[in-house]
>>> print(open('work.pdb').read())   # PDB, C-alpha atoms
ATOM      1  CA  MET A   1      -9.529  43.451  12.435  1.00  0.00           C
ATOM      2  CA  ASP A   2      -9.332  44.334  16.107  1.00  0.00           C
ATOM      3  CA  ASN A   3      -7.346  42.500  18.782  1.00  0.00           C
ATOM      4  CA  ARG A   4     -10.270  40.301  19.806  1.00  0.00           C
ATOM      5  CA  GLN A   5     -10.705  38.988  16.270  1.00  0.00           C
ATOM      6  CA  ALA A   6      -6.975  38.359  15.940  1.00  0.00           C
ATOM      7  CA  LEU A   7      -6.896  36.495  19.260  1.00  0.00           C
ATOM      8  CA  GLY A   8     -10.042  34.549  18.370  1.00  0.00           C
ATOM      9  CA  SER A   9      -8.603  33.443  15.039  1.00  0.00           C
ATOM     10  CA  TRP A  10      -5.431  32.291  16.778  1.00  0.00           C
ATOM     11  CA  LEU A  11      -7.388  30.257  19.335  1.00  0.00           C
ATOM     12  CA  SER A  12      -9.653  28.609  16.786  1.00  0.00           C
ATOM     13  CA  GLY A  13      -6.784  27.690  14.465  1.00  0.00           C
ATOM     14  CA  PRO A  14      -5.758  28.484  10.912  1.00  0.00           C
ATOM     15  CA  ARG A  15      -8.549  26.489   9.269  1.00  0.00           C
ATOM     16  CA  ALA A  16     -11.287  28.385  11.144  1.00  0.00           C
ATOM     17  CA  ALA A  17      -9.593  31.696  10.364  1.00  0.00           C
ATOM     18  CA  ALA A  18      -9.421  30.802   6.670  1.00  0.00           C
ATOM     19  CA  GLU A  19     -13.069  29.728   6.654  1.00  0.00           C
ATOM     20  CA  ASP A  20     -14.037  33.032   8.292  1.00  0.00           C
ATOM     21  CA  ALA A  21     -12.154  34.769   5.487  1.00  0.00           C
ATOM     22  CA  GLY A  22     -14.310  32.956   2.912  1.00  0.00           C
ATOM     23  CA  VAL A  23     -12.164  29.956   1.938  1.00  0.00           C
ATOM     24  CA  ASP A  24     -14.228  26.842   1.169  1.00  0.00           C
ATOM     25  CA  PHE A  25     -12.386  23.645   2.093  1.00  0.00           C
ATOM     26  CA  GLY A  26     -15.221  21.285   1.293  1.00  0.00           C
ATOM     27  CA  TYR A  27     -15.451  17.845   2.867  1.00  0.00           C
ATOM     28  CA  ARG A  28     -12.753  15.198   3.239  1.00  0.00           C
ATOM     29  CA  GLY A  29     -12.211  13.460  -0.070  1.00  0.00           C
ATOM     30  CA  GLN A  30     -13.956  16.053  -2.228  1.00  0.00           C
ATOM     31  CA  GLN A  31     -10.748  16.808  -4.128  1.00  0.00           C
ATOM     32  CA  LEU A  32     -10.368  13.084  -4.783  1.00  0.00           C
ATOM     33  CA  GLY A  33     -13.892  12.736  -6.153  1.00  0.00           C
ATOM     34  CA  LEU A  34     -15.080  10.573  -3.266  1.00  0.00           C
ATOM     35  CA  PRO A  35     -18.524  10.791  -1.647  1.00  0.00           C
ATOM     36  CA  GLU A  36     -18.961  12.707   1.591  1.00  0.00           C
ATOM     37  CA  GLU A  37     -20.621   9.848   3.514  1.00  0.00           C
ATOM     38  CA  GLY A  38     -21.208   6.136   3.173  1.00  0.00           C
ATOM     39  CA  PRO A  39     -19.322   3.489   1.205  1.00  0.00           C
ATOM     40  CA  GLY A  40     -16.363   4.864  -0.718  1.00  0.00           C
ATOM     41  CA  SER A  41     -15.946   7.917   1.523  1.00  0.00           C
ATOM     42  CA  VAL A  42     -12.651   8.697   3.247  1.00  0.00           C
ATOM     43  CA  ALA A  43     -12.222   6.663   6.439  1.00  0.00           C
ATOM     44  CA  ARG A  44     -12.390   8.619   9.691  1.00  0.00           C
ATOM     45  CA  PRO A  45      -9.396   8.718  12.050  1.00  0.00           C
ATOM     46  CA  GLY A  46     -11.116   6.789  14.866  1.00  0.00           C
ATOM     47  CA  ARG A  47     -11.811   3.770  12.682  1.00  0.00           C
ATOM     48  CA  ARG A  48      -8.318   3.880  11.232  1.00  0.00           C
ATOM     49  CA  LEU A  49      -6.690   3.947  14.668  1.00  0.00           C
ATOM     50  CA  GLY A  50      -8.979   1.159  15.878  1.00  0.00           C
ATOM     51  CA  ALA A  51      -8.030  -0.989  12.886  1.00  0.00           C
ATOM     52  CA  LEU A  52      -4.333  -0.349  13.517  1.00  0.00           C
ATOM     53  CA  ALA A  53      -4.763  -1.308  17.188  1.00  0.00           C
ATOM     54  CA  VAL A  54      -6.409  -4.603  16.196  1.00  0.00           C
ATOM     55  CA  ASP A  55      -3.659  -5.343  13.657  1.00  0.00           C
ATOM     56  CA  TRP A  56      -0.931  -4.495  16.185  1.00  0.00           C
ATOM     57  CA  ALA A  57      -2.524  -6.690  18.859  1.00  0.00           C
ATOM     58  CA  LEU A  58      -2.781  -9.576  16.388  1.00  0.00           C
ATOM     59  CA  CYS A  59       0.870  -9.195  15.354  1.00  0.00           C
ATOM     60  CA  THR A  60       2.012  -8.958  18.970  1.00  0.00           C
ATOM     61  CA  LEU A  61       0.051 -12.097  19.823  1.00  0.00           C
ATOM     62  CA  ILE A  62       1.644 -13.961  16.909  1.00  0.00           C
ATOM     63  CA  ALA A  63       5.132 -12.799  17.911  1.00  0.00           C
ATOM     64  CA  TYR A  64       4.496 -13.656  21.561  1.00  0.00           C
ATOM     65  CA  GLY A  65       3.124 -17.111  20.930  1.00  0.00           C
ATOM     66  CA  LEU A  66       5.099 -18.344  17.954  1.00  0.00           C
ATOM     67  CA  ILE A  67       8.442 -16.575  17.874  1.00  0.00           C
ATOM     68  CA  THR A  68       9.696 -15.175  21.180  1.00  0.00           C
ATOM     69  CA  GLU A  69       7.958 -17.599  23.592  1.00  0.00           C
ATOM     70  CA  GLY A  70       7.409 -14.865  26.146  1.00  0.00           C
ATOM     71  CA  TYR A  71       7.064 -11.133  26.294  1.00  0.00           C
ATOM     72  CA  ASN A  72      10.304  -9.145  25.993  1.00  0.00           C
ATOM     73  CA  GLN A  73      11.874  -6.471  23.785  1.00  0.00           C
ATOM     74  CA  ALA A  74      12.177  -8.910  20.904  1.00  0.00           C
ATOM     75  CA  THR A  75       8.398  -9.395  20.898  1.00  0.00           C
ATOM     76  CA  GLY A  76       7.796  -5.789  19.864  1.00  0.00           C
ATOM     77  CA  ASN A  77      10.472  -5.952  17.191  1.00  0.00           C
ATOM     78  CA  TRP A  78       9.062  -9.166  15.741  1.00  0.00           C
ATOM     79  CA  ALA A  79       5.545  -7.742  15.915  1.00  0.00           C
ATOM     80  CA  LEU A  80       6.685  -4.839  13.708  1.00  0.00           C
ATOM     81  CA  VAL A  81       8.157  -7.256  11.149  1.00  0.00           C
ATOM     82  CA  ILE A  82       4.960  -9.321  11.216  1.00  0.00           C
ATOM     83  CA  LEU A  83       2.886  -6.136  10.765  1.00  0.00           C
ATOM     84  CA  LEU A  84       4.929  -5.271   7.671  1.00  0.00           C
ATOM     85  CA  VAL A  85       4.461  -8.737   6.175  1.00  0.00           C
ATOM     86  CA  LEU A  86       0.764  -8.861   7.153  1.00  0.00           C
ATOM     87  CA  SER A  87       0.126  -5.472   5.604  1.00  0.00           C
ATOM     88  CA  VAL A  88       1.911  -6.269   2.333  1.00  0.00           C
ATOM     89  CA  LEU A  89       0.176  -9.622   1.945  1.00  0.00           C
ATOM     90  CA  THR A  90      -3.354  -8.627   2.918  1.00  0.00           C
ATOM     91  CA  VAL A  91      -3.555  -5.135   1.415  1.00  0.00           C
ATOM     92  CA  GLY A  92      -1.859  -6.434  -1.732  1.00  0.00           C
ATOM     93  CA  THR A  93      -4.358  -9.262  -2.172  1.00  0.00           C
ATOM     94  CA  ILE A  94      -7.730  -8.361  -0.614  1.00  0.00           C
ATOM     95  CA  GLY A  95      -7.270  -4.620  -0.124  1.00  0.00           C
ATOM     96  CA  SER A  96      -7.406  -4.512   3.672  1.00  0.00           C
ATOM     97  CA  THR A  97      -5.786  -5.918   6.781  1.00  0.00           C
ATOM     98  CA  PRO A  98      -7.816  -7.977   9.284  1.00  0.00           C
ATOM     99  CA  GLY A  99      -8.262  -4.901  11.488  1.00  0.00           C
ATOM    100  CA  LYS A 100      -9.388  -2.754   8.569  1.00  0.00           C
ATOM    101  CA  ARG A 101     -11.833  -5.451   7.473  1.00  0.00           C
ATOM    102  CA  LEU A 102     -13.222  -5.648  11.023  1.00  0.00           C
ATOM    103  CA  PHE A 103     -13.803  -1.875  11.028  1.00  0.00           C
ATOM    104  CA  GLY A 104     -15.224  -1.838   7.488  1.00  0.00           C
ATOM    105  CA  LEU A 105     -12.264  -0.115   5.807  1.00  0.00           C
ATOM    106  CA  GLY A 106     -10.252  -0.756   2.700  1.00  0.00           C
ATOM    107  CA  VAL A 107      -7.221   0.658   0.905  1.00  0.00           C
ATOM    108  CA  VAL A 108      -7.674   1.624  -2.740  1.00  0.00           C
ATOM    109  CA  SER A 109      -5.762   3.580  -5.329  1.00  0.00           C
ATOM    110  CA  VAL A 110      -6.650   7.243  -5.755  1.00  0.00           C
ATOM    111  CA  ASN A 111      -7.416   6.433  -9.399  1.00  0.00           C
ATOM    112  CA  GLY A 112      -9.693   3.564  -8.373  1.00  0.00           C
ATOM    113  CA  GLY A 113      -8.968  -0.130  -8.057  1.00  0.00           C
ATOM    114  CA  ARG A 114      -6.274  -1.930  -6.113  1.00  0.00           C
ATOM    115  CA  LEU A 115      -2.756  -0.828  -5.405  1.00  0.00           C
ATOM    116  CA  GLY A 116       0.101  -2.575  -7.155  1.00  0.00           C
ATOM    117  CA  LEU A 117       2.560  -4.605  -5.091  1.00  0.00           C
ATOM    118  CA  PRO A 118       5.375  -1.987  -5.159  1.00  0.00           C
ATOM    119  CA  ARG A 119       2.997   0.716  -3.900  1.00  0.00           C
ATOM    120  CA  VAL A 120       1.600  -1.605  -1.215  1.00  0.00           C
ATOM    121  CA  ALA A 121       5.144  -2.416  -0.072  1.00  0.00           C
ATOM    122  CA  LEU A 122       6.050   1.300   0.064  1.00  0.00           C
ATOM    123  CA  ARG A 123       2.883   2.124   1.985  1.00  0.00           C
ATOM    124  CA  SER A 124       3.425  -0.713   4.464  1.00  0.00           C
ATOM    125  CA  LEU A 125       7.030   0.279   5.075  1.00  0.00           C
ATOM    126  CA  LEU A 126       6.010   3.888   5.716  1.00  0.00           C
ATOM    127  CA  VAL A 127       3.289   2.754   8.150  1.00  0.00           C
ATOM    128  CA  CYS A 128       5.919   0.808  10.098  1.00  0.00           C
ATOM    129  CA  LEU A 129       8.094   3.938  10.296  1.00  0.00           C
ATOM    130  CA  ALA A 130       5.110   5.641  12.046  1.00  0.00           C
ATOM    131  CA  ILE A 131       6.066   9.280  11.353  1.00  0.00           C
ATOM    132  CA  PRO A 132       4.570   9.394   7.806  1.00  0.00           C
ATOM    133  CA  ALA A 133       1.314   7.982   9.170  1.00  0.00           C
ATOM    134  CA  LEU A 134       1.085  10.846  11.676  1.00  0.00           C
ATOM    135  CA  ILE A 135       1.277  13.623   9.055  1.00  0.00           C
ATOM    136  CA  TRP A 136      -2.151  14.146   7.455  1.00  0.00           C
ATOM    137  CA  ASP A 137      -3.451  16.379   4.691  1.00  0.00           C
ATOM    138  CA  ARG A 138      -6.813  18.117   4.586  1.00  0.00           C
ATOM    139  CA  ASP A 139      -8.463  15.042   3.065  1.00  0.00           C
ATOM    140  CA  GLY A 140      -7.416  12.968   6.076  1.00  0.00           C
ATOM    141  CA  ARG A 141      -4.816  10.971   4.153  1.00  0.00           C
ATOM    142  CA  GLY A 142      -1.525  10.239   5.850  1.00  0.00           C
ATOM    143  CA  LEU A 143       1.786  10.909   4.165  1.00  0.00           C
ATOM    144  CA  HIS A 144       2.135   7.149   3.673  1.00  0.00           C
ATOM    145  CA  ASP A 145      -1.076   7.166   1.621  1.00  0.00           C
ATOM    146  CA  ARG A 146      -0.101  10.254  -0.378  1.00  0.00           C
ATOM    147  CA  LEU A 147       3.323   8.884  -1.307  1.00  0.00           C
ATOM    148  CA  SER A 148       1.861   5.549  -2.386  1.00  0.00           C
ATOM    149  CA  GLY A 149      -1.140   7.053  -4.198  1.00  0.00           C
ATOM    150  CA  ALA A 150      -3.642   5.374  -1.881  1.00  0.00           C
ATOM    151  CA  VAL A 151      -6.666   6.355   0.148  1.00  0.00           C
ATOM    152  CA  GLN A 152      -8.416   4.497   2.981  1.00  0.00           C
ATOM    153  CA  VAL A 153     -12.135   4.300   2.361  1.00  0.00           C
ATOM    154  CA  ARG A 154     -15.202   2.903   4.063  1.00  0.00           C
ATOM    155  CA  LEU A 155     -16.509  -0.326   2.556  1.00  0.00           C
TER     156      LEU A 155
END
>>> encode(input="work.pdb", output="structure tokens")
Amino acid sequence: MDNRQALGSWLSGPRAAAEDAGVDFGYRGQQLGLPEEGPGSVARPGRRLGALAVDWALCTLIAYGLITEGYNQATGNWALVILLVLSVLTVGTIGSTPGKRLFGLGVVSVNGGRLGLPRVALRSLLVCLAIPALIWDRDGRGLHDRLSGAVQVRL
């Protein structure tokens, strides 16, 4: 390998360098036995972030209108508590939050079916901590999904 190839592999990133070396990563969700496209496939990051934005806006609106009676620091804190409760209740019962439902997403167990209440509570708590949701694996699952045995899929 000459210097140009070494520099090119550094610029394109470790995944591209590994693929050039012959490693086959497959598509997102292949290791989980999910389809590549369509219903049941792993949800894309744009839809997931859009769903989270809708859920956060809804929780902020609820905190603003019903609890804090005005926008201040307490509004954000209450919105986080409401997001935790909303996530536990809606993902635990119907498998998705209002934002996820609007974007056509759902949360299911890696083994298929719904998540149990303890796993939903763990997942929701980790989402509220934010850092686990920002660490993703090659299938596009956040650390909060990996630790709770969940995957976000398209409906």
>>> residues_near_point(input="work.pdb", point="(-6.7, 15.0, 3.7)", cutoff="12 Å", atoms="all atoms listed in the file", output="number ranges by chain")
A: 25-32, 34, 41-45, 133-146, 150-152
>>> resolve_selection(input="work.pdb", expression="the PyMOL selection byres ((chain A and resi 111-116) around 10)", output="JSON, numbers by chain")
{"A": [32, 33, 91, 92, 93, 94, 95, 106, 107, 108, 109, 110, 117, 118, 119, 120, 121, 123, 148, 149, 150, 151]}
>>> write_last_selection(input="work.pdb", atoms="C-alpha atoms", output="compact mmCIF listing (two decimals), in the frame of the given file")
# COMPACT_ATOMS: atom_id res chain seq x y z
CA LEU A 32 -10.37 13.08 -4.78
CA GLY A 33 -13.89 12.74 -6.15
CA VAL A 91 -3.56 -5.14 1.42
CA GLY A 92 -1.86 -6.43 -1.73
CA THR A 93 -4.36 -9.26 -2.17
CA ILE A 94 -7.73 -8.36 -0.61
CA GLY A 95 -7.27 -4.62 -0.12
CA GLY A 106 -10.25 -0.76 2.70
CA VAL A 107 -7.22 0.66 0.90
CA VAL A 108 -7.67 1.62 -2.74
CA SER A 109 -5.76 3.58 -5.33
CA VAL A 110 -6.65 7.24 -5.76
CA LEU A 117 2.56 -4.61 -5.09
CA PRO A 118 5.38 -1.99 -5.16
CA ARG A 119 3.00 0.72 -3.90
CA VAL A 120 1.60 -1.60 -1.22
CA ALA A 121 5.14 -2.42 -0.07
CA ARG A 123 2.88 2.12 1.98
CA SER A 148 1.86 5.55 -2.39
CA GLY A 149 -1.14 7.05 -4.20
CA ALA A 150 -3.64 5.37 -1.88
CA VAL A 151 -6.67 6.36 0.15
>>> resolve_selection(input="work.pdb", expression="the PyMOL selection byres ((chain A and resi 86) around 10)", output="short mmCIF file (atom, residue, chain, number, x, y, z; two decimals) with C-alpha atoms, keeping the file's coordinate frame")
data_model
loop_
_atom_site.label_atom_id
_atom_site.label_comp_id
_atom_site.auth_asym_id
_atom_site.auth_seq_id
_atom_site.Cartn_x
_atom_site.Cartn_y
_atom_site.Cartn_z
CA ASP A 55 -3.66 -5.34 13.66
CA LEU A 58 -2.78 -9.58 16.39
CA CYS A 59 0.87 -9.20 15.35
CA LEU A 80 6.68 -4.84 13.71
CA VAL A 81 8.16 -7.26 11.15
CA ILE A 82 4.96 -9.32 11.22
CA LEU A 83 2.89 -6.14 10.76
CA LEU A 84 4.93 -5.27 7.67
CA VAL A 85 4.46 -8.74 6.18
CA SER A 87 0.13 -5.47 5.60
CA VAL A 88 1.91 -6.27 2.33
CA LEU A 89 0.18 -9.62 1.94
CA THR A 90 -3.35 -8.63 2.92
CA VAL A 91 -3.56 -5.14 1.42
CA GLY A 92 -1.86 -6.43 -1.73
CA SER A 96 -7.41 -4.51 3.67
CA THR A 97 -5.79 -5.92 6.78
CA PRO A 98 -7.82 -7.98 9.28
CA SER A 124 3.42 -0.71 4.46
#
>>> atom_distance(input="work.pdb", atom1="CA of Leu155 in chain A", atom2="CA of Leu102 in chain A")
10.5 Å
>>> closest_residue(input="work.pdb", among="A:Leu147, A:Leu125, A:Ala63, A:Val153", to="Gly38 in chain A", atoms="all atoms listed in the file")
A:Val153
>>> closest_residue(input="work.pdb", among="A:Tyr71, A:Leu105, A:Ile131, A:Thr60", to="Gly46 in chain A", atoms="all atoms listed in the file")
A:Leu105
>>> residues_around(input="work.pdb", residues="Gly50 in chain A", least_positions_apart="6", cutoff="10 Å", atoms="all atoms listed in the file", output="list of chain:residue names")
A:Trp56, A:Gly99, A:Lys100, A:Leu102, A:Phe103
>>> atom_distance(input="work.pdb", atom1="CA of Arg101 in chain A", atom2="CA of Leu52 in chain A")
10.9 Å
>>> decode(input="work.pdb", residues="range 31-69 of chain A", atoms="N, CA and C atoms", output="PDB file, in the first residue's frame")
ATOM      1  N   GLN A  31     -27.914  -8.912  10.347  1.00  0.00           N
ATOM      2  CA  GLN A  31     -27.540  -9.810  11.446  1.00  0.00           C
ATOM      3  C   GLN A  31     -28.724 -10.141  12.339  1.00  0.00           C
ATOM      4  N   LEU A  32     -29.738  -9.288  12.328  1.00  0.00           N
ATOM      5  CA  LEU A  32     -30.917  -9.501  13.160  1.00  0.00           C
ATOM      6  C   LEU A  32     -32.004 -10.284  12.437  1.00  0.00           C
ATOM      7  N   GLY A  33     -31.773 -10.573  11.153  1.00  0.00           N
ATOM      8  CA  GLY A  33     -32.753 -11.304  10.368  1.00  0.00           C
ATOM      9  C   GLY A  33     -33.896 -10.438   9.870  1.00  0.00           C
ATOM     10  N   LEU A  34     -33.668  -9.140   9.765  1.00  0.00           N
ATOM     11  CA  LEU A  34     -34.701  -8.221   9.305  1.00  0.00           C
ATOM     12  C   LEU A  34     -34.541  -7.957   7.811  1.00  0.00           C
ATOM     13  N   PRO A  35     -35.618  -7.582   7.127  1.00  0.00           N
ATOM     14  CA  PRO A  35     -35.502  -7.279   5.700  1.00  0.00           C
ATOM     15  C   PRO A  35     -34.695  -6.006   5.457  1.00  0.00           C
ATOM     16  N   GLU A  36     -34.192  -5.867   4.249  1.00  0.00           N
ATOM     17  CA  GLU A  36     -33.382  -4.698   3.915  1.00  0.00           C
ATOM     18  C   GLU A  36     -34.235  -3.447   3.737  1.00  0.00           C
ATOM     19  N   GLU A  37     -35.400  -3.579   3.155  1.00  0.00           N
ATOM     20  CA  GLU A  37     -36.298  -2.452   2.874  1.00  0.00           C
ATOM     21  C   GLU A  37     -37.724  -2.813   3.263  1.00  0.00           C
ATOM     22  N   GLY A  38     -38.553  -1.799   3.391  1.00  0.00           N
ATOM     23  CA  GLY A  38     -39.969  -2.002   3.624  1.00  0.00           C
ATOM     24  C   GLY A  38     -40.328  -2.267   5.069  1.00  0.00           C
ATOM     25  N   PRO A  39     -41.566  -2.704   5.309  1.00  0.00           N
ATOM     26  CA  PRO A  39     -42.020  -2.959   6.676  1.00  0.00           C
ATOM     27  C   PRO A  39     -41.154  -4.014   7.372  1.00  0.00           C
ATOM     28  N   GLY A  40     -40.814  -3.730   8.617  1.00  0.00           N
ATOM     29  CA  GLY A  40     -39.986  -4.646   9.390  1.00  0.00           C
ATOM     30  C   GLY A  40     -38.504  -4.382   9.272  1.00  0.00           C
ATOM     31  N   SER A  41     -38.095  -3.469   8.381  1.00  0.00           N
ATOM     32  CA  SER A  41     -36.673  -3.148   8.252  1.00  0.00           C
ATOM     33  C   SER A  41     -36.270  -2.151   9.334  1.00  0.00           C
ATOM     34  N   VAL A  42     -34.975  -2.050   9.591  1.00  0.00           N
ATOM     35  CA  VAL A  42     -34.470  -1.145  10.611  1.00  0.00           C
ATOM     36  C   VAL A  42     -34.785   0.294  10.209  1.00  0.00           C
ATOM     37  N   ALA A  43     -35.289   1.062  11.172  1.00  0.00           N
ATOM     38  CA  ALA A  43     -35.656   2.462  10.916  1.00  0.00           C
ATOM     39  C   ALA A  43     -34.410   3.295  10.645  1.00  0.00           C
ATOM     40  N   ARG A  44     -34.502   4.208   9.727  1.00  0.00           N
ATOM     41  CA  ARG A  44     -33.398   5.091   9.363  1.00  0.00           C
ATOM     42  C   ARG A  44     -33.264   6.225  10.375  1.00  0.00           C
ATOM     43  N   PRO A  45     -32.064   6.768  10.514  1.00  0.00           N
ATOM     44  CA  PRO A  45     -31.825   7.814  11.518  1.00  0.00           C
ATOM     45  C   PRO A  45     -32.690   9.063  11.341  1.00  0.00           C
ATOM     46  N   GLY A  46     -32.958   9.487  10.122  1.00  0.00           N
ATOM     47  CA  GLY A  46     -33.766  10.688   9.909  1.00  0.00           C
ATOM     48  C   GLY A  46     -35.169  10.560  10.475  1.00  0.00           C
ATOM     49  N   ARG A  47     -35.798   9.434  10.229  1.00  0.00           N
ATOM     50  CA  ARG A  47     -37.140   9.192  10.769  1.00  0.00           C
ATOM     51  C   ARG A  47     -37.113   9.111  12.286  1.00  0.00           C
ATOM     52  N   ARG A  48     -36.089   8.479  12.823  1.00  0.00           N
ATOM     53  CA  ARG A  48     -35.993   8.342  14.273  1.00  0.00           C
ATOM     54  C   ARG A  48     -35.820   9.694  14.940  1.00  0.00           C
ATOM     55  N   LEU A  49     -34.975  10.546  14.368  1.00  0.00           N
ATOM     56  CA  LEU A  49     -34.776  11.884  14.935  1.00  0.00           C
ATOM     57  C   LEU A  49     -36.031  12.734  14.776  1.00  0.00           C
ATOM     58  N   GLY A  50     -36.720  12.604  13.649  1.00  0.00           N
ATOM     59  CA  GLY A  50     -37.973  13.328  13.462  1.00  0.00           C
ATOM     60  C   GLY A  50     -39.021  12.915  14.483  1.00  0.00           C
ATOM     61  N   ALA A  51     -39.121  11.617  14.746  1.00  0.00           N
ATOM     62  CA  ALA A  51     -40.078  11.119  15.733  1.00  0.00           C
ATOM     63  C   ALA A  51     -39.733  11.633  17.130  1.00  0.00           C
ATOM     64  N   LEU A  52     -38.453  11.652  17.456  1.00  0.00           N
ATOM     65  CA  LEU A  52     -38.032  12.172  18.763  1.00  0.00           C
ATOM     66  C   LEU A  52     -38.347  13.660  18.878  1.00  0.00           C
ATOM     67  N   ALA A  53     -38.159  14.416  17.797  1.00  0.00           N
ATOM     68  CA  ALA A  53     -38.472  15.846  17.819  1.00  0.00           C
ATOM     69  C   ALA A  53     -39.960  16.076  18.052  1.00  0.00           C
ATOM     70  N   VAL A  54     -40.808  15.275  17.414  1.00  0.00           N
ATOM     71  CA  VAL A  54     -42.255  15.403  17.617  1.00  0.00           C
ATOM     72  C   VAL A  54     -42.620  15.061  19.057  1.00  0.00           C
ATOM     73  N   ASP A  55     -42.052  13.979  19.589  1.00  0.00           N
ATOM     74  CA  ASP A  55     -42.336  13.590  20.973  1.00  0.00           C
ATOM     75  C   ASP A  55     -41.865  14.666  21.955  1.00  0.00           C
ATOM     76  N   TRP A  56     -40.676  15.223  21.709  1.00  0.00           N
ATOM     77  CA  TRP A  56     -40.147  16.256  22.602  1.00  0.00           C
ATOM     78  C   TRP A  56     -41.026  17.508  22.546  1.00  0.00           C
ATOM     79  N   ALA A  57     -41.444  17.897  21.357  1.00  0.00           N
ATOM     80  CA  ALA A  57     -42.307  19.076  21.229  1.00  0.00           C
ATOM     81  C   ALA A  57     -43.638  18.855  21.947  1.00  0.00           C
ATOM     82  N   LEU A  58     -44.196  17.667  21.826  1.00  0.00           N
ATOM     83  CA  LEU A  58     -45.446  17.345  22.513  1.00  0.00           C
ATOM     84  C   LEU A  58     -45.267  17.411  24.029  1.00  0.00           C
ATOM     85  N   CYS A  59     -44.181  16.847  24.529  1.00  0.00           N
ATOM     86  CA  CYS A  59     -43.925  16.856  25.976  1.00  0.00           C
ATOM     87  C   CYS A  59     -43.656  18.262  26.489  1.00  0.00           C
ATOM     88  N   THR A  60     -42.954  19.062  25.704  1.00  0.00           N
ATOM     89  CA  THR A  60     -42.701  20.450  26.096  1.00  0.00           C
ATOM     90  C   THR A  60     -44.002  21.243  26.129  1.00  0.00           C
ATOM     91  N   LEU A  61     -44.862  21.015  25.159  1.00  0.00           N
ATOM     92  CA  LEU A  61     -46.157  21.688  25.121  1.00  0.00           C
ATOM     93  C   LEU A  61     -47.011  21.307  26.336  1.00  0.00           C
ATOM     94  N   ILE A  62     -47.003  20.043  26.698  1.00  0.00           N
ATOM     95  CA  ILE A  62     -47.753  19.591  27.872  1.00  0.00           C
ATOM     96  C   ILE A  62     -47.189  20.234  29.132  1.00  0.00           C
ATOM     97  N   ALA A  63     -45.868  20.238  29.273  1.00  0.00           N
ATOM     98  CA  ALA A  63     -45.246  20.845  30.453  1.00  0.00           C
ATOM     99  C   ALA A  63     -45.522  22.344  30.504  1.00  0.00           C
ATOM    100  N   TYR A  64     -45.441  22.997  29.373  1.00  0.00           N
ATOM    101  CA  TYR A  64     -45.671  24.441  29.291  1.00  0.00           C
ATOM    102  C   TYR A  64     -47.101  24.801  29.657  1.00  0.00           C
ATOM    103  N   GLY A  65     -48.046  24.070  29.115  1.00  0.00           N
ATOM    104  CA  GLY A  65     -49.442  24.426  29.308  1.00  0.00           C
ATOM    105  C   GLY A  65     -50.071  23.938  30.593  1.00  0.00           C
ATOM    106  N   LEU A  66     -49.636  22.780  31.073  1.00  0.00           N
ATOM    107  CA  LEU A  66     -50.330  22.183  32.217  1.00  0.00           C
ATOM    108  C   LEU A  66     -49.569  22.246  33.542  1.00  0.00           C
ATOM    109  N   ILE A  67     -48.252  22.346  33.481  1.00  0.00           N
ATOM    110  CA  ILE A  67     -47.495  22.233  34.722  1.00  0.00           C
ATOM    111  C   ILE A  67     -46.819  23.540  35.118  1.00  0.00           C
ATOM    112  N   THR A  68     -46.023  24.118  34.235  1.00  0.00           N
ATOM    113  CA  THR A  68     -45.216  25.276  34.638  1.00  0.00           C
ATOM    114  C   THR A  68     -45.888  26.620  34.364  1.00  0.00           C
ATOM    115  N   GLU A  69     -46.948  26.648  33.578  1.00  0.00           N
ATOM    116  CA  GLU A  69     -47.682  27.876  33.270  1.00  0.00           C
ATOM    117  C   GLU A  69     -46.775  28.988  32.757  1.00  0.00           C
TER     118      GLU A  69
END
